[in-house]
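File shown: protein-v2.cif (mmCIF, C-alpha atoms).
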data_run
loop_
_atom_site.label_atom_id
_atom_site.label_comp_id
_atom_site.auth_asym_id
_atom_site.auth_seq_id
_atom_site.Cartn_x
_atom_site.Cartn_y
_atom_site.Cartn_z
CA MET M 1 101.65 74.08 123.42
CA PRO M 2 105.34 74.86 123.08
CA VAL M 3 108.10 72.44 123.98
CA MET M 4 111.42 74.00 125.00
CA ARG M 5 114.71 72.18 125.49
CA GLU M 6 118.45 72.75 125.21
CA CYS M 7 120.11 71.73 121.93
CA LEU M 8 121.40 68.25 122.68
CA ASP M 9 123.54 68.08 119.54
CA VAL M 10 125.61 71.22 120.22
CA PRO M 11 128.94 70.67 122.02
CA GLY M 12 129.72 73.28 124.66
CA ASN M 13 126.12 74.43 125.03
CA ALA M 14 125.96 76.19 128.42
CA LEU M 15 122.15 76.00 128.67
CA ARG M 16 120.27 73.29 130.59
CA PHE M 17 116.51 73.21 131.21
CA ARG M 18 114.92 71.46 134.21
CA ASP M 19 111.37 70.88 135.34
CA MET M 20 109.85 72.73 132.39
CA ALA M 21 106.04 72.74 132.36
CA VAL M 22 103.62 74.41 129.99
CA GLY M 23 99.93 74.91 130.68
CA MET M 24 97.03 76.66 129.03
CA VAL M 25 95.52 79.87 130.33
CA GLY M 26 92.19 80.52 128.71
CA LYS M 27 91.57 79.34 125.14
CA ALA M 28 94.68 80.57 123.41
CA ASP M 29 97.41 81.59 125.82
CA PHE M 30 99.94 79.40 127.53
CA VAL M 31 102.03 79.79 130.66
CA LEU M 32 105.57 78.47 131.14
CA ASN M 33 107.23 77.48 134.42
CA GLY M 34 110.57 75.84 135.08
CA VAL M 35 114.25 76.25 135.79
CA PHE M 36 117.24 76.72 133.53
CA ASP M 37 120.92 76.69 134.33
CA ILE M 38 123.64 78.61 132.55
CA THR M 39 126.70 76.48 133.26
CA ARG M 40 129.29 79.15 132.41
CA SER M 41 129.29 82.91 131.94
CA ALA M 42 129.65 84.24 128.40
CA ALA M 43 132.88 86.00 127.44
CA GLY M 44 130.72 88.33 125.33
CA THR M 45 127.69 88.27 123.08
CA ASP M 46 128.65 88.52 119.44
CA GLN M 47 125.72 87.12 117.49
CA ILE M 48 122.19 85.74 117.70
CA VAL M 49 121.09 83.13 115.17
CA VAL M 50 117.44 82.12 114.84
CA MET M 51 116.85 79.10 112.60
CA LEU M 52 113.23 78.51 111.60
CA THR M 53 111.93 75.18 110.32
CA LYS M 54 108.32 74.94 109.14
CA CYS M 55 106.48 71.62 109.36
CA ARG M 56 103.04 70.67 108.07
CA ASP M 57 100.82 69.09 110.71
CA HIS M 58 103.57 67.30 112.67
CA VAL M 59 107.35 67.05 112.93
CA SER M 60 108.94 64.52 110.57
CA ALA M 61 111.54 64.45 107.82
CA ASN M 62 108.71 64.23 105.26
CA THR M 63 106.82 67.31 106.41
CA CYS M 64 109.53 69.74 107.57
CA GLU M 65 111.64 72.18 105.60
CA HIS M 66 114.10 74.93 106.48
CA PHE M 67 112.19 78.20 106.29
CA GLN M 68 114.58 81.03 107.21
CA THR M 69 117.68 81.86 109.21
CA TRP M 70 117.95 85.23 110.91
CA ARG M 71 121.34 86.54 112.04
CA PHE M 72 121.83 89.55 114.28
CA ARG M 73 125.36 90.87 114.78
CA LYS M 74 124.92 94.47 115.95
CA GLY M 75 123.32 95.57 119.20
CA VAL M 76 122.72 91.97 120.23
CA CYS M 77 121.94 92.75 123.89
CA ARG M 78 119.53 95.50 122.85
CA ILE M 79 117.81 93.11 120.44
CA MET M 80 117.41 90.52 123.20
CA PHE M 81 116.39 92.76 126.09
CA GLY M 82 115.63 96.23 124.68
CA ASP M 83 112.22 97.84 125.13
CA GLY M 84 109.59 96.18 122.97
CA SER M 85 111.62 93.03 122.26
CA ILE M 86 110.29 89.52 122.87
CA GLY M 87 113.08 89.03 125.41
CA ALA M 88 112.11 92.17 127.33
CA SER M 89 108.54 90.96 127.74
CA PHE M 90 109.79 87.51 128.83
CA GLN M 91 112.57 88.50 131.26
CA LYS M 92 110.16 89.96 133.82
CA TYR M 93 109.11 86.35 134.56
CA VAL M 94 112.68 85.17 135.20
CA SER M 95 114.50 85.37 138.54
CA PRO M 96 117.22 86.46 138.89
CA ARG M 97 116.85 88.81 135.95
CA PRO M 98 118.94 87.66 132.94
CA ALA M 99 121.98 89.70 131.96
CA CYS M 100 123.70 90.26 128.65
CA PRO M 101 126.27 88.84 128.26
CA ALA M 102 124.85 85.85 130.12
CA VAL M 103 126.02 85.10 133.64
CA LYS M 104 126.46 81.62 135.10
CA GLY M 105 123.68 80.65 137.47
CA THR M 106 120.32 79.04 138.07
CA TYR M 107 117.26 80.92 136.80
CA THR M 108 113.60 80.29 137.63
CA ILE M 109 110.76 80.99 135.18
CA ARG M 110 107.41 81.64 136.88
CA ASN M 111 104.11 82.12 135.09
CA ALA M 112 105.73 83.36 131.88
CA THR M 113 103.41 84.17 129.03
CA VAL M 114 104.28 85.19 125.51
CA ASP M 115 102.74 88.30 124.00
CA MET M 116 100.90 86.74 121.05
CA LYS M 117 100.33 90.18 119.50
CA LEU M 118 104.10 90.62 119.37
CA LEU M 119 104.56 87.20 117.74
CA GLN M 120 101.91 88.06 115.16
CA THR M 121 104.03 91.00 113.98
CA LEU M 122 106.69 88.55 112.75
CA PRO M 123 106.67 87.91 108.98
CA LEU M 124 105.71 84.25 109.40
CA PRO M 125 102.66 82.19 108.43
CA LEU M 126 102.10 81.04 112.02
CA GLU M 127 98.70 79.41 111.81
CA GLY M 128 98.40 75.82 110.62
CA ASN M 129 102.09 74.99 110.88
CA VAL M 130 104.38 73.47 113.45
CA TRP M 131 107.44 75.67 113.95
CA LEU M 132 110.81 74.44 115.14
CA VAL M 133 112.89 77.36 116.35
CA ARG M 134 116.58 76.99 117.14
CA PHE M 135 117.86 80.01 119.09
CA ILE M 136 121.66 80.34 119.33
CA ILE M 137 123.72 82.92 121.18
CA ASN M 138 127.37 83.06 120.13
CA GLU M 139 130.18 84.40 122.27
CA SER M 140 132.69 86.96 120.98
CA SER M 141 134.82 84.12 119.68
CA ARG M 142 131.86 83.02 117.50
CA LYS M 143 131.53 79.76 119.39
CA VAL M 144 128.11 78.77 120.68
CA HIS M 145 127.42 79.85 124.25
CA MET M 146 123.76 78.87 124.50
CA CYS M 147 121.38 77.01 122.23
CA SER M 148 117.70 76.12 122.69
CA ASP M 149 115.17 74.29 120.54
CA THR M 150 111.49 75.21 120.76
CA GLU M 151 108.56 73.54 119.04
CA MET M 152 105.40 75.65 118.66
CA ARG M 153 101.98 75.14 117.10
CA PHE M 154 99.48 77.94 116.58
CA HIS M 155 95.71 77.59 116.17
CA ARG M 156 93.06 80.17 115.49
CA VAL M 157 90.60 80.44 118.37
CA ARG M 158 87.18 81.90 117.78
CA ASP M 159 85.60 84.17 120.35
CA ASP M 160 82.18 82.98 121.50
#

Target encoding structure tokens, full file:
Amino acid sequence: MPVMRECLDVPGNALRFRDMAVGMVGKADFVLNGVFDITRSAAGTDQIVVMLTKCRDHVSANTCEHFQTWRFRKGVCRIMFGDGSIGASFQKYVSPRPACPAVKGTYTIRNATVDMKLLQTLPLPLEGNVWLVRFIINESSRKVHMCSDTEMRFHRVRDD
């Protein structure tokens, strides 16, 4: 099951998670509930950075290696919330609805699920690895506005 938290080592990070809980729904899907605060509004949204670390079996310095870094600098809001994006499928579970650029406030996540079919379209060897995903949103000044760390593990589930 995924673990999601704000990046504790990033000064000025405006993202704070509270009361995050993950549960299983069926054999393969998970549901996420919790609250996050955005402590200040963004001046703009200039760039998204997704840093992927792949670990074998468990997270440790001996089993993890940097896998890829993805940078998006054009159409950032469309990438995050446009039709068909991972963010678009997720934002329907968040109240109030997230904006781009981000607006200061408290946001509640209720019964959020991730579209596993959408994740499977990513060019990643998901199964059998532990993935550490650092998601960064930079403001127009290129300084970090929000940063989150997520740990995910994927397993193949057979249908009976």

Q: Would you kindly translate the PyMOL selection byres ((chain M and resi 2-8) around 10) into the concrete residues it picks from this file, as a PyMOL selection string?
A: chain M and resi 1+9-18+20-23+30-32+36+130-136+146-154

Q: Have a look at M:Gln91, M:Thr106, M:Thr45, M:Ser85 and name the one nearest to Ile137 in chain M; count only C-alpha atoms.
A: M:Thr45

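If you count all atoms listed in the file and ignore residues fewer than 2 places along the chain from Phe90 in chain M, what sits within 10 Å of it is Met80, Phe81, Ser85, Ile86, Gly87, Ala88, Lys92, Tyr93, Val94, Ile109, Ala112, Thr113, Val114 and Asp115 of chain M.
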
(Q) Given all atoms listed in the file as the basis, pick out the residue of M:Ile38, M:Asn138, M:Asn129, M:Pro98 nearest to Cys64 in chain M. (A)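 Counting all atoms listed in the file, the residue closest to Cys64 in chain M is M:Asn129.
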
(Q) Between CA of Arg73 in chain M and CA of Ala42 in chain M, what is the distance in Å, rounded to a tenth? (A) 15.7 Å

Q | CA of Val144 in chain M to CA of Thr39 in chain M, distance in Å rounded to a single decimal | A |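 Computing the Euclidean distance for CA of Val144 in chain M and CA of Thr39 in chain M yields 12.9 Å.
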
Q: Please indicate the distance in Å from CA of Arg97 in chain M to CA of Arg40 in chain M, rounded to one decimal place.
A: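 These two atoms are separated by 16.1 Å.
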
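When all atoms listed in the file are used to measure the gap to Cys100 in chain M, the shortest distance among M:Leu124, M:Cys55, M:Val25, M:Ile48 belongs to M:Ile48.
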
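Closest approach to Gly75 in chain M from the set M:Gly34, M:Asn62, M:Pro101, M:Thr53 is made by M:Pro101, with distances taken over all atoms listed in the file.
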